[in-house]
Amino acid sequence: MKTDANVVHLNKATAEQSPTSPVGRLPVALIQVRDKAAQQLKQNLQSLFDNADDTLFEMADRATSNAEQNAFFEAMRDLRLKRKNIERGFLQKVFESFANLNQYEIGKPQPALDSVSFDSLSLVQNDELEETVALDAMVAKVLSRDAVALGHLTTRLNALISKKLDDKSNPLGPTLLSEYFLDACSGLGVEIKVKLIILKLFEKYVLGGCDVLYAEANQALISAGILPELKSAQPRRQQRPATSSYGHSAGEEGMPLLEGADQGVQEVFGALQDLLSQVRGSAMPRRAQVSDALPITSNDLMRLLSHMQQRAPAQVNIEDFDLREQLEQLLERASSKSGKTRVVGEVDEDVINLVSMLFEFILDDRTLPDSLKALIGRLQIPMLKVAVLDKTFFSRGSHPARRLLNEIASAALGWVDQDDAQRDSLYQKIEQVVQRLLNDFVDDPAIFSELLAEFMAFTGDERRRSELLEQRTRDAEEGSAKAELARRQVEHALNERLLGKTLPEVVVRLLQEAWSKVLMLTCLKHGVDSDEWHAALQTMDDLVWSVAPHEDPEARLRLLELVPGLLKALREGMASAAFDPFSTSEFFSQLEVLHVQAFQRFKRAAPEPEVTPQESEATSDAAQADIELPLLELPAAEAVEDAPAMVEVVEEIILLAPGQTRPQEPDVVLPDDDEALQYVDSLRVGSWVEFQEDEEHKLRCKLAAIIRPTGKYVFVNRTGMKVLEKTRNALAVEFRRNAIRLLDDALLFDRALESVIGNLRKLKNA
């Protein structure tokens, strides 16, 4: 059965709920619309980010000053690092908006994007004004194009939910989608010029697909029988300009594009060549100038590389392999055979140098496990051949070869060297991809697209399995956290009433062993603010009072009135907690003796008064409740001879869960402004970290959940299985002694290219 996976926190729940539709419970048709829309929005966002690099790189190349160019490079880096957080934040907002559809809003609603008054606009800073104007224009364009389909979708949603919507409050409307994206991008430290470019990309790749989004959502609701009489026109497919290999459609209004594919590739690659030419002799050896040297063609270079590729040993020390040196040796042999000096052409030499520098970064990257570096290092020749054939390899983020390398690195993030490589499916799959490229790739780059699709299908299956297990781990930890909180509440209640008191041993044992379970169950089922919880506490208070010595003559009457109801409450509570009936019987036998002795003490302290109407009525009530009450029938000597064993509760009562041992020493207490704590607080769910367990062993794991009530950080391995849990302070101590480090999950190739460009620029300016 399909259910809504969203969690609506209790403290966010509204006071007024629909009487027919509980909070967070959406109709099945609406859940299907939400899931399908989220999938399409996610794909559109990925297209946005895949093309954002190209656009910003192009803008950097066309910059008129170093400062402006640096701003675009910094924006590229910031966007790569925060890409996943932006995607996650945007989609989370979409899911939350659907989860709240069956909740009435309390308080004054927030103004929509286009409801800002001119008076307020006059107070907004120029950057915010530009941003607001851009958003208004984006929303207006979608509304003018898809108003009918959006209106029909809003009408159908209103037929399913309790809270009434309009087009502005529709969770799939352009107004809210734009707000969600802008909110998700709030952490980007970019200038307004860059932010406007990103918003333009959002308009193109996300809002540009709203016509299809609305058409599919309406069709899903029609199939579910929701207002089928509303007829919407089919989404019109706009005739887009021809898309260049650089990743942009030429001439699109408002986009900073190059005039054509060839020009775009040449300008980007030309910028890289310019950086290379200015550092030859320092960052890399300068090519020897031979007057009669004959450059080989790119086709000849491809044949040499294929020769090297086919004869590359399966096991090679990546640190000893120098692609440029190997190629130079082949050229020397070719030169000696032909009698003429053969060299690589300048353009191809620059490609070789760039790819070599990229792989130098990749093979030095601490994020990649060492055992997988050897596999990825064998991809250097196939990647070089792709770069020789297609220069968009350096400029296009969506290039299949780049994406394949990035996907392999992302999948390997949680792989540890201690894994059994021969039995590990991920290692075998990566090895299979590498071997396919080495064996089959000659000069047709289409093989990269084929292998990319296969590898993503493989990792998709693994990810779904790990996410399922990870969710179960989170659910189990959250359940344990609730039980732990309830246990603390019960401990507090017991210690508040028993600590420092001297009581009969049987009563202390009854409360600690039996009644604590009743309190736990009550706390978990009803909470500490419920009448049931307060009633259970009152029963415990009454029991403690009933066995304590009293000098007040009126206490006798109170005890007589109290005992029948007390015994009944104790029996019912222990029965509800499924406490051992034999132990229950023993407890009650000993408790009966204690109560008899209490009444005998009253008799010895003072002559027995005449039975009052109240006492008679209480005794009658006890009889009707089928509770034995032989309080006044035993002789005084028989009842007092055996004095009860008394114990003084001097240590705090600690309740242990099944299998739990005594709590260890508390964590080291660190000041709130400690730098290590700030590192811990910067961790986000989904972050990958590496623990240095000892000199030889490392543990890679992902932060799966932060259990706020207990302060636990729960980590899982790449299969989703729990491998570690730490408190906030314990993690801070690990950071202090450098035993933990955060793994960079940004795209590997993009980080390598960024590093190469940064190093070349430093050498140029040195």
# chains A, B, ... in the order shown; residues from 1 in each chain; ligands from 1
$ residues_around --residues "A:Ser466" --least-positions-apart "5" --cutoff "8 Å" --atoms "only C-alpha atoms" --output "PyMOL selection string"
chain A and resi 718-721
$ residues_around --residues "A:Val716" --least-positions-apart "3" --cutoff "10 Å" --atoms "only C-alpha atoms" --output "list in words"
Gly414, Ser466, Leu469, Glu470, Thr473, Arg474, Gly686, Trp688, Arg700, Cys701, Lys702, Leu703, Ala704, Ala705, Thr719, Gly720, Met721, Lys722, Val723, Leu724 and Glu725 of chain A
$ residues_around --residues "A:Val33" --least-positions-apart "2" --cutoff "8 Å" --atoms "only C-alpha atoms" --output "number ranges by chain"
A: 29-31, 35-37, 217, 220-221
$ write_last_selection --atoms "N, CA and C atoms" --output "compact mmCIF listing (two decimals), in the first residue's frame"
# COMPACT_ATOMS: atom_id res chain seq x y z
N ALA A 29 -4.23 9.75 -5.31
CA ALA A 29 -4.04 10.46 -6.58
C ALA A 29 -3.11 11.65 -6.40
N LEU A 30 -3.24 12.34 -5.29
CA LEU A 30 -2.40 13.51 -5.03
C LEU A 30 -0.96 13.09 -4.75
N ILE A 31 -0.78 11.95 -4.08
CA ILE A 31 0.57 11.44 -3.84
C ILE A 31 1.25 11.09 -5.16
N ASP A 35 4.73 12.78 -6.47
CA ASP A 35 5.93 12.00 -6.75
C ASP A 35 6.40 12.19 -8.19
N LYS A 36 5.42 12.20 -9.12
CA LYS A 36 5.80 12.35 -10.52
C LYS A 36 6.33 13.76 -10.78
N ALA A 37 5.71 14.76 -10.16
CA ALA A 37 6.19 16.14 -10.32
C ALA A 37 7.58 16.30 -9.72
N ALA A 217 0.26 16.30 -14.69
CA ALA A 217 -0.45 16.32 -13.41
C ALA A 217 -1.96 16.29 -13.64
N ALA A 220 -3.03 12.82 -14.77
CA ALA A 220 -3.05 11.85 -13.67
C ALA A 220 -4.32 11.99 -12.84
N LEU A 221 -4.74 13.24 -12.61
CA LEU A 221 -5.96 13.46 -11.83
C LEU A 221 -7.20 13.09 -12.63
$ residues_around --residues "A:Val194" --least-positions-apart "5" --cutoff "10 Å" --atoms "only C-alpha atoms" --output "tab-separated table (two decimals) with N, CA and C atoms, in the first residue's frame"
chain	number	residue	atom	x	y	z
A	56	LEU	N	28.68	29.77	-16.77
A	56	LEU	CA	29.58	30.56	-15.93
A	56	LEU	C	31.01	30.53	-16.46
A	59	MET	N	31.08	32.94	-19.26
A	59	MET	CA	31.10	34.31	-18.75
A	59	MET	C	32.49	34.67	-18.21
A	71	ALA	N	35.30	36.23	-9.96
A	71	ALA	CA	33.96	36.14	-9.39
A	71	ALA	C	33.18	35.00	-10.03
A	72	PHE	N	33.33	34.83	-11.35
A	72	PHE	CA	32.62	33.75	-12.02
A	72	PHE	C	33.20	32.39	-11.64
A	75	ALA	N	31.97	31.57	-8.27
A	75	ALA	CA	30.56	31.18	-8.34
A	75	ALA	C	30.42	29.73	-8.82
A	76	MET	N	31.25	29.34	-9.81
A	76	MET	CA	31.23	27.94	-10.27
A	76	MET	C	31.56	27.00	-9.13
A	189	GLY	N	27.01	32.35	-1.91
A	189	GLY	CA	27.66	33.64	-1.72
A	189	GLY	C	28.08	34.24	-3.04
A	199	LEU	N	19.04	32.42	-11.95
A	199	LEU	CA	17.58	32.51	-12.05
A	199	LEU	C	17.12	32.34	-13.49
A	200	LYS	N	17.91	32.88	-14.43
A	200	LYS	CA	17.56	32.72	-15.84
A	200	LYS	C	17.65	31.25	-16.25
$ decode --residues "stretch 502-513 of chain A" --atoms "all heavy atoms" --output "compact mmCIF listing (two decimals), in the first residue's frame"
# COMPACT_ATOMS: atom_id res chain seq x y z
N THR A 502 13.65 6.22 53.35
CA THR A 502 13.78 4.84 53.83
C THR A 502 12.41 4.20 53.77
O THR A 502 11.46 4.64 54.43
CB THR A 502 14.31 4.82 55.27
OG1 THR A 502 15.60 5.46 55.31
CG2 THR A 502 14.43 3.39 55.77
N LEU A 503 12.29 3.14 52.96
CA LEU A 503 11.00 2.51 52.69
C LEU A 503 11.16 1.00 52.76
O LEU A 503 12.28 0.46 52.67
CB LEU A 503 10.49 2.91 51.29
CG LEU A 503 10.19 4.39 51.07
CD1 LEU A 503 10.00 4.66 49.59
CD2 LEU A 503 8.95 4.81 51.85
N PRO A 504 10.06 0.28 52.88
CA PRO A 504 10.13 -1.18 52.83
C PRO A 504 10.74 -1.64 51.52
O PRO A 504 10.44 -1.10 50.44
CB PRO A 504 8.67 -1.61 52.95
CG PRO A 504 8.00 -0.48 53.65
CD PRO A 504 8.69 0.76 53.18
N GLU A 505 11.58 -2.65 51.62
CA GLU A 505 12.28 -3.14 50.43
C GLU A 505 11.31 -3.59 49.35
O GLU A 505 11.52 -3.35 48.16
CB GLU A 505 13.20 -4.30 50.83
CG GLU A 505 13.97 -4.87 49.64
CD GLU A 505 14.73 -6.12 50.01
OE1 GLU A 505 14.52 -6.63 51.13
OE2 GLU A 505 15.54 -6.59 49.19
N VAL A 506 10.21 -4.24 49.74
CA VAL A 506 9.27 -4.74 48.75
C VAL A 506 8.65 -3.61 47.95
O VAL A 506 8.41 -3.74 46.75
CB VAL A 506 8.18 -5.59 49.43
CG1 VAL A 506 7.38 -4.76 50.42
CG2 VAL A 506 7.25 -6.19 48.38
N VAL A 507 8.43 -2.46 48.58
CA VAL A 507 7.84 -1.31 47.87
C VAL A 507 8.84 -0.73 46.88
O VAL A 507 8.50 -0.39 45.74
CB VAL A 507 7.37 -0.25 48.87
CG1 VAL A 507 6.93 1.02 48.14
CG2 VAL A 507 6.24 -0.79 49.72
N VAL A 508 10.10 -0.61 47.32
CA VAL A 508 11.13 -0.08 46.41
C VAL A 508 11.28 -0.99 45.20
O VAL A 508 11.37 -0.53 44.06
CB VAL A 508 12.47 0.09 47.15
CG1 VAL A 508 13.56 0.53 46.18
CG2 VAL A 508 12.33 1.09 48.29
N ARG A 509 11.29 -2.32 45.45
CA ARG A 509 11.41 -3.25 44.33
C ARG A 509 10.19 -3.20 43.42
O ARG A 509 10.30 -3.26 42.20
CB ARG A 509 11.61 -4.68 44.85
CG ARG A 509 13.01 -4.93 45.39
CD ARG A 509 13.31 -6.43 45.52
NE ARG A 509 12.35 -7.14 46.34
CZ ARG A 509 11.46 -8.01 45.89
NH1 ARG A 509 11.41 -8.29 44.60
NH2 ARG A 509 10.62 -8.62 46.71
N LEU A 510 9.02 -3.10 44.01
CA LEU A 510 7.79 -3.04 43.20
C LEU A 510 7.82 -1.82 42.28
O LEU A 510 7.49 -1.92 41.09
CB LEU A 510 6.57 -3.00 44.11
CG LEU A 510 5.20 -3.07 43.42
CD1 LEU A 510 4.19 -3.78 44.32
CD2 LEU A 510 4.67 -1.70 43.05
N LEU A 511 8.21 -0.68 42.83
CA LEU A 511 8.23 0.54 42.01
C LEU A 511 9.32 0.48 40.94
O LEU A 511 9.10 0.89 39.79
CB LEU A 511 8.44 1.76 42.91
CG LEU A 511 7.29 2.09 43.86
CD1 LEU A 511 7.66 3.26 44.76
CD2 LEU A 511 6.02 2.42 43.08
N GLN A 512 10.51 -0.02 41.31
CA GLN A 512 11.63 -0.03 40.37
C GLN A 512 11.49 -1.11 39.30
O GLN A 512 11.81 -0.89 38.14
CB GLN A 512 12.94 -0.21 41.13
CG GLN A 512 14.18 -0.07 40.25
CD GLN A 512 15.46 -0.04 41.06
OE1 GLN A 512 15.43 0.09 42.27
NE2 GLN A 512 16.59 -0.16 40.39
N GLU A 513 11.00 -2.28 39.68
CA GLU A 513 10.94 -3.40 38.74
C GLU A 513 9.62 -3.48 37.99
O GLU A 513 9.60 -3.88 36.83
CB GLU A 513 11.18 -4.71 39.49
CG GLU A 513 12.55 -4.81 40.13
CD GLU A 513 12.71 -6.08 40.96
OE1 GLU A 513 11.84 -6.97 40.83
OE2 GLU A 513 13.68 -6.19 41.72
